[in-house]
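**Student:** This is work.txt, which holds compact mmCIF, C-alpha atoms and all ligand atoms:
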```
# COMPACT_ATOMS: atom_id res chain seq x y z
CA MET A 19 -18.33 36.52 19.88
CA SER A 20 -20.61 37.89 17.16
CA GLU A 21 -20.57 36.70 13.56
CA ASP A 22 -18.72 39.85 12.53
CA GLU A 23 -16.11 39.39 15.21
CA PHE A 24 -15.67 35.78 14.14
CA LEU A 25 -15.20 36.84 10.54
CA GLU A 26 -12.63 39.40 11.57
CA TYR A 27 -10.89 36.76 13.69
CA VAL A 28 -10.51 34.23 10.87
CA GLN A 29 -9.61 36.92 8.34
CA GLY A 30 -6.84 38.01 10.67
CA GLY A 31 -5.39 34.49 10.56
CA GLY A 32 -7.22 33.13 13.63
CA GLN A 33 -7.91 29.41 13.80
CA VAL A 34 -10.92 27.52 15.10
CA GLU A 35 -11.15 24.19 16.94
CA THR A 36 -14.02 21.71 16.84
CA ARG A 37 -15.53 22.73 20.15
CA ASP A 38 -15.19 26.48 19.64
CA TRP A 39 -18.26 28.51 18.86
CA MET A 40 -18.72 29.14 15.14
CA PRO A 41 -21.45 30.72 13.03
CA ASP A 42 -23.86 28.19 11.46
CA GLU A 43 -23.00 29.58 8.05
CA TYR A 44 -19.30 28.83 8.64
CA ARG A 45 -20.04 25.29 9.83
CA ALA A 46 -22.24 24.66 6.78
CA LYS A 47 -19.56 25.95 4.41
CA LEU A 48 -16.90 23.85 6.12
CA ILE A 49 -18.98 20.70 5.82
CA LYS A 50 -19.72 21.37 2.18
CA PHE A 51 -16.09 22.03 1.29
CA ILE A 52 -14.47 19.27 3.33
CA GLU A 53 -17.08 16.68 2.37
CA MET A 54 -16.46 17.45 -1.30
CA HIS A 55 -12.75 16.92 -0.69
CA GLY A 56 -13.43 13.58 1.02
CA ASN A 57 -15.69 12.49 -1.84
CA SER A 58 -12.98 13.39 -4.33
CA GLU A 59 -10.36 11.30 -2.53
CA LEU A 60 -12.73 8.35 -2.49
CA MET A 61 -13.93 8.69 -6.09
CA GLY A 62 -10.41 9.54 -7.25
CA VAL A 63 -9.21 6.01 -6.69
CA LEU A 64 -11.68 4.52 -9.14
CA PRO A 65 -9.94 5.65 -12.35
CA GLU A 66 -6.65 4.32 -10.98
CA ARG A 67 -8.17 1.12 -9.66
CA GLU A 68 -9.02 0.25 -13.26
CA TRP A 69 -5.27 -0.08 -13.91
CA ILE A 70 -4.06 -2.12 -10.95
CA LEU A 71 -4.57 -5.42 -12.75
CA ARG A 72 -3.26 -4.00 -16.02
CA ALA A 73 -0.11 -2.32 -14.66
CA PRO A 74 2.92 -3.30 -16.77
CA THR A 75 5.19 -4.57 -13.97
CA LEU A 76 4.86 -5.89 -10.44
CA GLN A 77 6.58 -2.78 -9.09
CA ARG A 78 4.03 -0.52 -10.82
CA LYS A 79 1.19 -2.68 -9.53
CA LEU A 80 2.46 -2.31 -5.97
CA ALA A 81 3.03 1.44 -6.27
CA LEU A 82 -0.41 2.00 -7.75
CA THR A 83 -2.01 -0.10 -5.01
CA ALA A 84 -0.13 1.91 -2.40
CA LYS A 85 -1.35 5.15 -3.96
CA VAL A 86 -4.93 3.88 -3.95
CA GLN A 87 -4.57 2.95 -0.27
CA ASP A 88 -3.25 6.46 0.47
CA GLU A 89 -6.21 8.12 -1.23
CA VAL A 90 -8.75 5.97 0.60
CA GLY A 91 -6.88 6.80 3.80
CA HIS A 92 -7.22 10.51 2.96
CA ALA A 93 -10.95 10.01 2.52
CA GLN A 94 -11.13 8.33 5.94
CA LEU A 95 -9.27 11.17 7.66
CA ILE A 96 -11.33 13.82 5.92
CA TYR A 97 -14.71 12.22 6.61
CA ARG A 98 -13.63 12.01 10.27
CA VAL A 99 -13.24 15.81 10.25
CA VAL A 100 -16.67 16.20 8.66
CA GLU A 101 -18.13 13.87 11.26
CA ASP A 102 -16.82 16.03 14.11
CA LEU A 103 -18.52 19.00 12.45
CA GLY A 104 -21.84 17.19 12.68
CA LYS A 105 -22.37 15.16 9.52
CA PRO A 106 -21.86 11.39 9.95
CA ARG A 107 -19.79 9.51 7.40
CA GLU A 108 -22.74 7.30 6.49
CA ALA A 109 -24.74 10.41 5.59
CA CYS A 110 -21.85 11.62 3.40
CA LEU A 111 -21.75 8.25 1.62
CA ASP A 112 -25.55 8.26 1.21
CA ASP A 113 -25.35 11.65 -0.48
CA LEU A 114 -22.41 10.57 -2.59
CA VAL A 115 -23.86 7.38 -4.03
CA SER A 116 -27.26 8.95 -4.61
CA GLY A 117 -25.59 11.66 -6.71
CA ARG A 118 -26.55 14.53 -4.40
CA ALA A 119 -22.96 15.35 -3.44
CA LYS A 120 -20.16 16.64 -5.62
CA PHE A 121 -16.62 15.52 -6.31
CA HIS A 122 -13.80 16.94 -8.43
CA ASN A 123 -14.30 17.16 -12.18
CA VAL A 124 -11.23 15.09 -13.08
CA PHE A 125 -12.67 11.95 -11.52
CA HIS A 126 -15.66 11.91 -13.86
CA TYR A 127 -13.55 11.02 -16.91
CA PRO A 128 -12.50 7.66 -18.34
CA THR A 129 -8.95 6.33 -18.35
CA LYS A 130 -8.01 4.94 -21.73
CA THR A 131 -4.35 3.92 -21.62
CA TRP A 132 -1.44 3.43 -19.25
CA GLY A 133 -0.42 6.95 -20.28
CA ASP A 134 -3.44 8.22 -18.34
CA VAL A 135 -2.08 6.65 -15.16
CA GLY A 136 1.13 8.66 -15.46
CA VAL A 137 -0.63 11.88 -16.38
CA ILE A 138 -3.17 11.51 -13.56
CA ALA A 139 -0.63 10.70 -10.84
CA TRP A 140 1.71 13.44 -12.03
CA LEU A 141 -0.52 16.32 -13.11
CA VAL A 142 -3.89 15.69 -11.48
CA ASP A 143 -2.14 15.08 -8.17
CA ALA A 144 0.02 18.16 -8.78
CA ALA A 145 -3.06 20.30 -9.31
CA ALA A 146 -4.62 18.79 -6.18
CA ILE A 147 -1.53 19.30 -4.05
CA ILE A 148 -1.54 23.01 -4.90
CA SER A 149 -5.03 23.31 -3.44
CA GLN A 150 -4.13 21.11 -0.50
CA LYS A 151 -0.97 23.04 0.38
CA ALA A 152 -3.07 26.18 0.54
CA LEU A 153 -5.33 24.37 3.02
CA LEU A 154 -2.46 24.06 5.48
CA LYS A 155 -3.51 27.59 6.46
CA CYS A 156 -7.23 26.78 6.71
CA SER A 157 -9.04 28.66 9.48
CA TYR A 158 -10.47 25.34 10.71
CA ALA A 159 -7.46 23.89 12.52
CA PRO A 160 -8.35 20.15 12.61
CA TYR A 161 -8.62 20.17 8.80
CA ALA A 162 -5.39 22.13 8.40
CA ARG A 163 -3.59 19.65 10.64
CA ILE A 164 -4.52 16.51 8.73
CA MET A 165 -3.49 18.26 5.53
CA LYS A 166 0.11 17.97 6.68
CA LYS A 167 0.00 14.20 6.55
CA ILE A 168 -1.97 14.25 3.30
CA CYS A 169 0.50 16.56 1.54
CA TRP A 170 3.37 14.39 2.74
CA GLU A 171 1.80 11.35 1.05
CA GLU A 172 0.86 13.30 -2.06
CA SER A 173 4.50 14.06 -2.76
CA PHE A 174 5.04 10.33 -3.33
CA HIS A 175 2.12 10.30 -5.78
CA ILE A 176 3.61 13.06 -7.91
CA LEU A 177 7.02 11.39 -8.00
CA HIS A 178 5.47 8.07 -8.89
CA GLY A 179 3.47 9.71 -11.70
CA ARG A 180 6.48 11.55 -13.02
CA ASP A 181 8.47 8.32 -12.94
CA VAL A 182 5.80 6.59 -15.04
CA VAL A 183 5.81 9.48 -17.52
CA LEU A 184 9.62 9.67 -17.74
CA THR A 185 9.88 5.92 -18.30
CA LEU A 186 7.42 6.16 -21.19
CA MET A 187 9.16 9.25 -22.62
CA ASN A 188 12.47 7.33 -22.62
CA GLY A 189 10.81 4.39 -24.37
CA THR A 190 9.53 3.87 -27.91
CA ASP A 191 7.71 6.35 -30.16
CA GLU A 192 4.55 4.45 -29.40
CA GLN A 193 5.03 4.96 -25.67
CA ARG A 194 5.72 8.68 -26.12
CA GLU A 195 2.54 8.89 -28.17
CA LEU A 196 0.60 7.35 -25.25
CA VAL A 197 1.71 10.17 -22.97
CA GLN A 198 1.04 12.88 -25.54
CA GLU A 199 -2.42 11.54 -26.30
CA ALA A 200 -3.28 11.30 -22.60
CA LEU A 201 -1.99 14.81 -21.91
CA THR A 202 -4.01 16.20 -24.81
CA ARG A 203 -7.17 14.58 -23.44
CA TRP A 204 -6.54 15.64 -19.83
CA TRP A 205 -5.51 19.23 -20.48
CA GLY A 206 -9.06 20.62 -20.62
CA PRO A 207 -10.15 19.04 -17.32
CA LEU A 208 -6.82 20.06 -15.72
CA MET A 209 -7.36 23.69 -16.67
CA GLN A 210 -10.89 23.56 -15.25
CA PHE A 211 -9.75 21.85 -12.05
CA HIS A 212 -9.19 24.97 -9.90
CA GLY A 213 -12.54 26.48 -10.84
CA ASN A 214 -13.59 29.65 -12.60
CA PRO A 215 -11.56 32.76 -11.90
CA ILE A 216 -13.95 34.57 -9.57
CA PRO A 217 -12.18 37.24 -7.50
CA ARG A 218 -11.25 35.64 -4.20
CA GLU A 219 -13.18 38.28 -2.22
CA ASP A 220 -16.36 36.96 -3.88
CA ASP A 221 -15.56 33.35 -3.00
CA PRO A 222 -17.28 32.46 0.31
CA MET A 223 -14.66 29.75 0.90
CA PHE A 224 -11.99 32.44 0.83
CA VAL A 225 -14.05 34.95 2.80
CA TRP A 226 -14.26 32.45 5.69
CA ARG A 227 -10.57 31.60 5.13
CA ILE A 228 -11.38 27.97 4.50
CA LYS A 229 -9.24 28.40 1.39
CA SER A 230 -6.26 30.71 1.58
CA GLN A 231 -5.98 31.43 -2.13
CA GLY A 232 -8.21 32.23 -5.05
CA ASN A 233 -8.93 29.88 -7.95
CA GLU A 234 -6.88 31.79 -10.49
CA GLU A 235 -3.91 32.02 -8.12
CA ALA A 236 -3.95 28.23 -7.83
CA ARG A 237 -4.15 27.76 -11.60
CA GLN A 238 -1.28 30.20 -12.20
CA GLN A 239 0.80 28.30 -9.67
CA PHE A 240 0.01 25.05 -11.46
CA LEU A 241 0.96 26.45 -14.86
CA ASP A 242 4.11 28.03 -13.53
CA GLY A 243 5.23 24.87 -11.80
CA TYR A 244 4.34 22.28 -14.39
CA VAL A 245 4.19 23.68 -17.93
CA PRO A 246 8.00 24.07 -18.07
CA GLN A 247 8.32 20.46 -16.84
CA ILE A 248 5.93 19.30 -19.57
CA TRP A 249 7.68 21.27 -22.30
CA GLU A 250 11.17 20.09 -21.39
CA LEU A 251 10.11 16.52 -22.14
CA GLY A 252 9.15 17.53 -25.68
CA LEU A 253 5.45 17.17 -24.94
CA GLU A 254 2.97 19.56 -26.47
CA VAL A 255 0.29 21.32 -24.48
CA PRO A 256 -2.83 21.51 -26.66
CA ASP A 257 -3.34 25.24 -26.26
CA PRO A 258 -1.90 27.57 -28.92
CA LYS A 259 -2.47 30.60 -26.67
CA LEU A 260 -0.49 29.24 -23.74
CA ARG A 261 2.46 31.47 -22.88
CA LYS A 262 4.10 33.17 -19.97
CA ARG A 263 3.97 36.95 -20.22
CA ASP A 264 6.92 39.16 -19.28
CA ASP A 265 5.17 40.04 -16.02
CA GLY A 266 5.11 36.34 -15.09
CA VAL A 267 1.40 35.77 -15.66
CA TRP A 268 0.34 32.81 -17.80
CA GLU A 269 -2.07 33.42 -20.65
CA TYR A 270 -4.24 30.58 -21.88
CA THR A 271 -7.39 29.80 -23.79
CA GLU A 272 -10.46 30.25 -21.62
CA PRO A 273 -11.30 26.84 -20.15
CA ASP A 274 -14.70 25.40 -20.94
CA TRP A 275 -16.67 26.41 -17.84
CA ASP A 276 -19.88 24.95 -19.22
CA GLU A 277 -18.20 21.57 -19.43
CA LEU A 278 -17.02 21.93 -15.83
CA ARG A 279 -20.49 22.77 -14.57
CA TYR A 280 -22.07 19.98 -16.58
CA VAL A 281 -19.55 17.37 -15.46
CA VAL A 282 -19.54 18.14 -11.73
CA THR A 283 -23.32 18.15 -11.56
CA GLY A 284 -23.27 14.47 -12.38
CA HIS A 285 -23.09 14.38 -16.18
CA GLY A 286 -19.48 13.35 -16.76
CA PRO A 287 -18.72 10.48 -19.13
CA ARG A 288 -18.05 8.11 -16.21
CA THR A 289 -20.10 9.66 -13.39
CA ALA A 290 -22.93 7.16 -13.46
CA ASP A 291 -20.69 4.06 -13.81
CA ARG A 292 -18.44 5.05 -10.95
CA LEU A 293 -21.24 6.01 -8.60
CA ASP A 294 -22.89 2.73 -9.46
CA LEU A 295 -19.70 0.84 -8.60
CA ARG A 296 -19.54 2.63 -5.24
CA ARG A 297 -23.18 1.90 -4.56
CA ARG A 298 -22.83 -1.80 -5.31
CA ALA A 299 -19.61 -2.12 -3.30
CA ARG A 300 -21.31 -0.47 -0.35
CA GLU A 301 -24.28 -2.81 -0.58
CA ARG A 302 -22.07 -5.87 -0.93
CA SER A 303 -20.04 -4.98 2.16
CA ALA A 304 -22.99 -3.92 4.32
CA TRP A 305 -23.10 -7.30 6.10
CA VAL A 306 -19.45 -6.88 7.17
CA ARG A 307 -20.23 -3.59 8.89
CA GLN A 308 -23.28 -5.12 10.55
CA VAL A 309 -21.35 -8.11 11.89
CA VAL A 310 -18.42 -6.01 13.09
CA LEU A 311 -20.57 -3.43 14.80
CA ALA A 312 -22.79 -6.09 16.39
CA GLU A 313 -19.75 -7.94 17.71
CA ALA A 314 -18.14 -4.82 19.05
CA ALA A 315 -21.31 -3.68 20.80
CA MET B 1 -15.91 4.97 19.20
CA ILE B 2 -13.50 7.77 18.41
CA TYR B 3 -9.87 7.28 19.32
CA GLU B 4 -7.36 10.10 19.35
CA VAL B 5 -4.01 9.03 17.95
CA PHE B 6 -0.69 10.37 19.19
CA ARG B 7 2.49 9.49 17.38
CA GLN B 8 6.15 9.54 18.19
CA GLU B 9 8.23 10.21 15.13
CA ARG B 10 11.61 9.17 16.53
CA LYS B 11 12.76 7.54 19.74
CA GLY B 12 13.21 10.13 22.44
CA GLN B 13 10.77 12.62 20.95
CA ALA B 14 7.49 13.72 22.48
CA PHE B 15 4.27 12.09 21.35
CA GLN B 16 2.23 14.50 19.26
CA HIS B 17 -1.42 14.45 18.37
CA ALA B 18 -1.79 13.08 14.84
CA GLY B 19 -5.54 12.88 14.31
CA SER B 20 -8.46 10.69 15.19
CA ILE B 21 -9.91 7.45 13.91
CA GLY B 22 -13.31 5.87 14.27
CA ALA B 23 -13.39 2.19 15.21
CA PRO B 24 -15.89 -0.16 16.86
CA ASN B 25 -13.36 -1.25 19.50
CA LEU B 26 -9.69 -1.10 20.46
CA GLU B 27 -8.77 -4.12 18.38
CA PHE B 28 -10.00 -2.43 15.19
CA ALA B 29 -8.59 0.90 16.32
CA GLU B 30 -5.14 -0.66 16.52
CA VAL B 31 -5.36 -2.02 13.00
CA TYR B 32 -6.61 1.29 11.58
CA ALA B 33 -4.03 3.35 13.48
CA ARG B 34 -1.21 1.12 12.29
CA GLU B 35 -2.33 1.51 8.68
CA GLN B 36 -3.12 5.20 8.91
CA TYR B 37 -0.11 6.42 10.87
CA GLY B 38 2.60 3.80 10.70
CA ARG B 39 2.64 1.92 7.44
CA ARG B 40 5.61 3.86 6.06
CA GLN B 41 7.66 3.55 9.26
CA GLU B 42 6.91 7.23 9.89
CA SER B 43 6.24 6.52 13.58
CA THR B 44 8.19 4.60 16.19
CA ALA B 45 5.18 4.32 18.49
CA LEU B 46 1.51 5.31 18.67
CA TRP B 47 -0.76 6.04 21.61
CA LEU B 48 -4.46 5.39 21.20
CA VAL B 49 -6.75 7.17 23.62
CA PRO B 50 -10.55 6.97 23.63
CA ARG B 51 -11.76 10.52 23.05
CA ASP B 52 -14.02 10.32 26.11
CA ALA B 53 -10.99 9.72 28.32
CA ILE B 54 -9.48 13.08 27.45
CA ASP B 55 -10.06 15.88 29.90
CA GLU B 56 -9.46 19.24 28.29
CA LEU B 57 -8.66 22.38 30.26
CA ASP B 58 -8.53 25.55 28.25
CA ASP B 59 -9.22 28.38 30.68
CA PHE B 60 -5.83 29.95 31.13
CA VAL B 61 -6.50 33.62 31.62
CA ASP B 62 -3.81 35.90 32.99
CA GLU B 63 -6.13 38.37 34.67
CA LEU B 64 -3.43 40.15 36.57
CA GLY B 65 -0.92 40.30 33.74
CA ARG B 66 1.67 38.48 35.81
CA THR B 67 4.77 38.83 33.70
CA TYR B 68 7.16 38.42 36.63
CA HIS B 69 7.27 34.63 36.17
CA ARG B 70 7.81 34.72 32.43
CA VAL B 71 10.74 35.69 30.25
CA ASP B 72 8.71 38.45 28.60
CA GLY B 73 8.64 40.15 32.01
CA TYR B 74 12.33 40.85 31.83
CA SER B 75 13.70 43.11 29.13
CA LEU B 76 17.29 43.66 30.05
CA LYS B 77 18.47 45.60 27.04
CA ALA B 78 18.28 49.14 28.43
CA LYS B 79 19.47 48.11 31.88
CA LEU B 80 22.39 46.18 30.47
CA LYS B 81 23.38 49.12 28.32
CA GLU B 82 23.33 51.40 31.31
CA ALA B 83 25.29 48.94 33.45
CA ARG B 84 27.94 48.59 30.77
CA GLU B 85 28.26 52.35 30.47
CA ARG B 86 28.59 52.68 34.22
CA ALA B 87 31.23 49.97 34.31
CA ALA B 88 33.11 51.64 31.51
CA ALA B 89 32.91 55.02 33.27
CA ARG B 90 34.18 53.45 36.49
CA SER B 91 37.16 51.79 34.88
CA GLY B 92 37.86 54.70 32.51
FE FE A 401 -5.19 12.28 -1.83
FE FE A 402 -2.83 11.70 -4.47
```
As structure tokens - that is how I would like this structure written.
Ligand SMILES: [Fe+2]
Ligand SMILES: [Fe+2]

**Tutor:**
Amino acid sequence: MSEDEFLEYVQGGGQVETRDWMPDEYRAKLIKFIEMHGNSELMGVLPEREWILRAPTLQRKLALTAKVQDEVGHAQLIYRVVEDLGKPREACLDDLVSGRAKFHNVFHYPTKTWGDVGVIAWLVDAAAIISQKALLKCSYAPYARIMKKICWEESFHILHGRDVVLTLMNGTDEQRELVQEALTRWWGPLMQFHGNPIPREDDPMFVWRIKSQGNEEARQQFLDGYVPQIWELGLEVPDPKLRKRDDGVWEYTEPDWDELRYVVTGHGPRTADRLDLRRRARERSAWVRQVVLAEAA
Amino acid sequence: MIYEVFRQERKGQAFQHAGSIGAPNLEFAEVYAREQYGRRQESTALWLVPRDAIDELDDFVDELGRTYHRVDGYSLKAKLKEARERAAARSG
């Protein structure tokens, strides 16, 4: 099979297994994309981890812990896929903690109140699940297959987040204010989440059918699914231009793409702290890995 | 070591490949598999198989186009129509 034939194959909906021949360029793109996803699952638990000890009830503490376990589990599954493509997990973690690798913009920001926990689990996970559902059709079959399990677990995250938000919205004015303030802060990063609206034909991840939809398609789907749910609770979206046109397309203020670029290249308000936490945790647990691997050998 | 995990969703169903896990030995693999594929009671049983133990065959080419032992080798529509017409003509 030539590179052109391969391209035609995946563009026609063909799927690829680990041991199949694939162009080097495709393998490199897969590793880059999937590794970034794994990094995001792993870094994504840090903002939520900050709230496990501060969760308002035992039930919330347990649910949040379960969500954190899910996300770390996603990272494990995803790094396994990367490993089979040729990059060991340890190399991924090296690149992550040294700041060479990327992870999603939303995990570079601080969490300030319990309202953030609801908004993150509801809306950040909603934005993520839109991307992940589109990966069920990924041309690389092993990745598409684990996405089924991941999406199944994500649906619990969204419900849990919505439950937190609804409880606050049914509470006191102060509690409602927590949600509104968190939503206002998170809206910018949420709108940047799916990336700048390059035409999908110019997006190498779409060309190789690693992704099955373009960035703007994903964002429109997010707006269409969630803005009505936000509005019906009496919450305000901090964008005066936001509206659904008669043809069904959502209009909005241009997201701050400079902020996105700046944040994901390692300059977010919490990037350094969180990478540092990962680095220290990895160093502290190194002896465990050594003992376990020595014993198993 | 890489272990391939197969899970059975409900009693009586076939085991299906679920994914793989990396573990230093079977003891760890069991713990990881339990957590990864069974902690929400989504499986009734798991099979763990070392990847090296799997023998894959994937060379199933039908060089001669032998459709006679498959259902797609038998399209009965036209023949059935004709047979029905003949039967109707005979009895009519
Ligand atoms: Fe996740
Ligand atoms: Fe999640």

**Student:** Which residues are near ligand FE 401 (chain A) in this structure, taking near to mean any atom at most 6 Å from a ligand atom and counting only C-alpha atoms and all ligand atoms? Format them as a PDB file with C-alpha atoms, in the frame of the given file.

**Tutor:**
```pdb
ATOM      1  CA  GLU A  59     -10.360  11.300  -2.530  1.00  0.00           C
ATOM      2  CA  GLU A  89      -6.210   8.120  -1.230  1.00  0.00           C
ATOM      3  CA  HIS A  92      -7.220  10.510   2.960  1.00  0.00           C
TER       4      HIS A  92
END
```

**Student:** From the options A:Val28, A:Ala159, A:Asn123, A:Gly179, which residue's atoms come nearest to ligand FE 402 (chain A), counting all atoms listed in the file?

**Tutor:**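 Among A:Val28, A:Ala159, A:Asn123, A:Gly179, it is A:Gly179 that comes nearest to ligand FE 402 (chain A).
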
**Student:** Step by step, measure atom-to-atom distances between ligand FE 402 (chain A) and each residue using only C-alpha atoms and all ligand atoms, keep those at most 10 Å, then write them as JSON, numbers by chain.

**Tutor:** {"A": [59, 62, 63, 85, 86, 87, 88, 89, 90, 92, 138, 139, 140, 142, 143, 144, 145, 146, 147, 168, 169, 170, 171, 172, 173, 174, 175, 176, 179]}

**Student:** So which residues are close to (-13.8, 29.9, 2.8), meaning at most 10 Å away in the file's coordinates with all atoms listed in the file counted, and can you show them as a ChimeraX atom specification?

**Tutor:** /A:28-29,44,47-48,51,156-158,218-219,221-232

**Student:** Okay, now the selection with C-alpha atoms, as a short mmCIF file (atom, residue, chain, number, x, y, z; two decimals), in the frame of the given file?

**Tutor:**
```
data_model
loop_
_atom_site.label_atom_id
_atom_site.label_comp_id
_atom_site.auth_asym_id
_atom_site.auth_seq_id
_atom_site.Cartn_x
_atom_site.Cartn_y
_atom_site.Cartn_z
CA VAL A 28 -10.51 34.23 10.87
CA GLN A 29 -9.61 36.92 8.34
CA TYR A 44 -19.30 28.83 8.64
CA LYS A 47 -19.56 25.95 4.41
CA LEU A 48 -16.90 23.85 6.12
CA PHE A 51 -16.09 22.03 1.29
CA CYS A 156 -7.23 26.78 6.71
CA SER A 157 -9.04 28.66 9.48
CA TYR A 158 -10.47 25.34 10.71
CA ARG A 218 -11.25 35.64 -4.20
CA GLU A 219 -13.18 38.28 -2.22
CA ASP A 221 -15.56 33.35 -3.00
CA PRO A 222 -17.28 32.46 0.31
CA MET A 223 -14.66 29.75 0.90
CA PHE A 224 -11.99 32.44 0.83
CA VAL A 225 -14.05 34.95 2.80
CA TRP A 226 -14.26 32.45 5.69
CA ARG A 227 -10.57 31.60 5.13
CA ILE A 228 -11.38 27.97 4.50
CA LYS A 229 -9.24 28.40 1.39
CA SER A 230 -6.26 30.71 1.58
CA GLN A 231 -5.98 31.43 -2.13
CA GLY A 232 -8.21 32.23 -5.05
#
```

**Student:** Could you list, with a cut-off of 12 Å and counting all atoms listed in the file, the residues of chain A near chain B, each shown with its nearest atom pair and the distance in Å rounded to one decimal, rows sorted by chain and ascending number, as CSV?

**Tutor:**
```
residue,atom,partner,partner_atom,distance
A:Glu35,CA,B:Asp58,CA,11.7
A:Arg37,CA,B:Glu56,CA,10.7
A:Asp38,CA,B:Asp58,CA,10.9
A:Ala84,CA,B:Arg39,CA,10.2
A:Gln87,CA,B:Glu35,CA,9.3
A:Asp88,CA,B:Gln36,CA,8.5
A:Glu89,CA,B:Gln36,CA,11.0
A:Val90,CA,B:Gln36,CA,10.1
A:Gly91,CA,B:Gln36,CA,6.5
A:His92,CA,B:Gln36,CA,9.0
A:Ala93,CA,B:Gln36,CA,11.2
A:Gln94,CA,B:Ile21,CA,8.1
A:Leu95,CA,B:Ile21,CA,7.3
A:Ile96,CA,B:Ser20,CA,10.2
A:Tyr97,CA,B:Ile21,CA,10.0
A:Arg98,CA,B:Ile21,CA,6.9
A:Val99,CA,B:Ser20,CA,8.6
A:Val100,CA,B:Ser20,CA,11.8
A:Glu101,CA,B:Gly22,CA,9.8
A:Asp102,CA,B:Ile2,CA,9.9
A:Pro106,CA,B:Gly22,CA,11.1
A:Arg107,CA,B:Gly22,CA,10.1
A:Ala159,CA,B:Gly19,CA,11.3
A:Pro160,CA,B:Gly19,CA,8.0
A:Tyr161,CA,B:Gly19,CA,9.6
A:Ala162,CA,B:Gly19,CA,11.0
A:Arg163,CA,B:Gly19,CA,7.9
A:Ile164,CA,B:Gly19,CA,6.7
A:Met165,CA,B:Gly19,CA,10.5
A:Lys166,CA,B:Ala18,CA,9.7
A:Lys167,CA,B:Ala18,CA,8.6
A:Ile168,CA,B:Gln36,CA,10.7
A:Trp170,CA,B:Glu42,CA,10.7
A:Glu171,CA,B:Arg40,CA,9.8
A:Phe174,CA,B:Arg40,CA,11.4
A:Arg307,CA,B:Pro24,CA,9.7
A:Gln308,CA,B:Pro24,CA,10.9
A:Val309,CA,B:Pro24,CA,10.8
A:Val310,CA,B:Pro24,CA,7.4
A:Leu311,CA,B:Pro24,CA,6.1
A:Ala312,CA,B:Pro24,CA,9.1
A:Glu313,CA,B:Pro24,CA,8.7
A:Ala314,CA,B:Pro24,CA,5.6
A:Ala315,CA,B:Pro24,CA,7.6
```

**Student:** Let me see the file: selected residues, C-alpha atoms, as a PDB file, keeping the file's coordinate frame.

**Tutor:**
```
ATOM      1  CA  GLU A  35     -11.150  24.190  16.940  1.00  0.00           C
ATOM      2  CA  ARG A  37     -15.530  22.730  20.150  1.00  0.00           C
ATOM      3  CA  ASP A  38     -15.190  26.480  19.640  1.00  0.00           C
ATOM      4  CA  ALA A  84      -0.130   1.910  -2.400  1.00  0.00           C
ATOM      5  CA  GLN A  87      -4.570   2.950  -0.270  1.00  0.00           C
ATOM      6  CA  ASP A  88      -3.250   6.460   0.470  1.00  0.00           C
ATOM      7  CA  GLU A  89      -6.210   8.120  -1.230  1.00  0.00           C
ATOM      8  CA  VAL A  90      -8.750   5.970   0.600  1.00  0.00           C
ATOM      9  CA  GLY A  91      -6.880   6.800   3.800  1.00  0.00           C
ATOM     10  CA  HIS A  92      -7.220  10.510   2.960  1.00  0.00           C
ATOM     11  CA  ALA A  93     -10.950  10.010   2.520  1.00  0.00           C
ATOM     12  CA  GLN A  94     -11.130   8.330   5.940  1.00  0.00           C
ATOM     13  CA  LEU A  95      -9.270  11.170   7.660  1.00  0.00           C
ATOM     14  CA  ILE A  96     -11.330  13.820   5.920  1.00  0.00           C
ATOM     15  CA  TYR A  97     -14.710  12.220   6.610  1.00  0.00           C
ATOM     16  CA  ARG A  98     -13.630  12.010  10.270  1.00  0.00           C
ATOM     17  CA  VAL A  99     -13.240  15.810  10.250  1.00  0.00           C
ATOM     18  CA  VAL A 100     -16.670  16.200   8.660  1.00  0.00           C
ATOM     19  CA  GLU A 101     -18.130  13.870  11.260  1.00  0.00           C
ATOM     20  CA  ASP A 102     -16.820  16.030  14.110  1.00  0.00           C
ATOM     21  CA  PRO A 106     -21.860  11.390   9.950  1.00  0.00           C
ATOM     22  CA  ARG A 107     -19.790   9.510   7.400  1.00  0.00           C
ATOM     23  CA  ALA A 159      -7.460  23.890  12.520  1.00  0.00           C
ATOM     24  CA  PRO A 160      -8.350  20.150  12.610  1.00  0.00           C
ATOM     25  CA  TYR A 161      -8.620  20.170   8.800  1.00  0.00           C
ATOM     26  CA  ALA A 162      -5.390  22.130   8.400  1.00  0.00           C
ATOM     27  CA  ARG A 163      -3.590  19.650  10.640  1.00  0.00           C
ATOM     28  CA  ILE A 164      -4.520  16.510   8.730  1.00  0.00           C
ATOM     29  CA  MET A 165      -3.490  18.260   5.530  1.00  0.00           C
ATOM     30  CA  LYS A 166       0.110  17.970   6.680  1.00  0.00           C
ATOM     31  CA  LYS A 167       0.000  14.200   6.550  1.00  0.00           C
ATOM     32  CA  ILE A 168      -1.970  14.250   3.300  1.00  0.00           C
ATOM     33  CA  TRP A 170       3.370  14.390   2.740  1.00  0.00           C
ATOM     34  CA  GLU A 171       1.800  11.350   1.050  1.00  0.00           C
ATOM     35  CA  PHE A 174       5.040  10.330  -3.330  1.00  0.00           C
ATOM     36  CA  ARG A 307     -20.230  -3.590   8.890  1.00  0.00           C
ATOM     37  CA  GLN A 308     -23.280  -5.120  10.550  1.00  0.00           C
ATOM     38  CA  VAL A 309     -21.350  -8.110  11.890  1.00  0.00           C
ATOM     39  CA  VAL A 310     -18.420  -6.010  13.090  1.00  0.00           C
ATOM     40  CA  LEU A 311     -20.570  -3.430  14.800  1.00  0.00           C
ATOM     41  CA  ALA A 312     -22.790  -6.090  16.390  1.00  0.00           C
ATOM     42  CA  GLU A 313     -19.750  -7.940  17.710  1.00  0.00           C
ATOM     43  CA  ALA A 314     -18.140  -4.820  19.050  1.00  0.00           C
ATOM     44  CA  ALA A 315     -21.310  -3.680  20.800  1.00  0.00           C
TER      45      ALA A 315
END
```
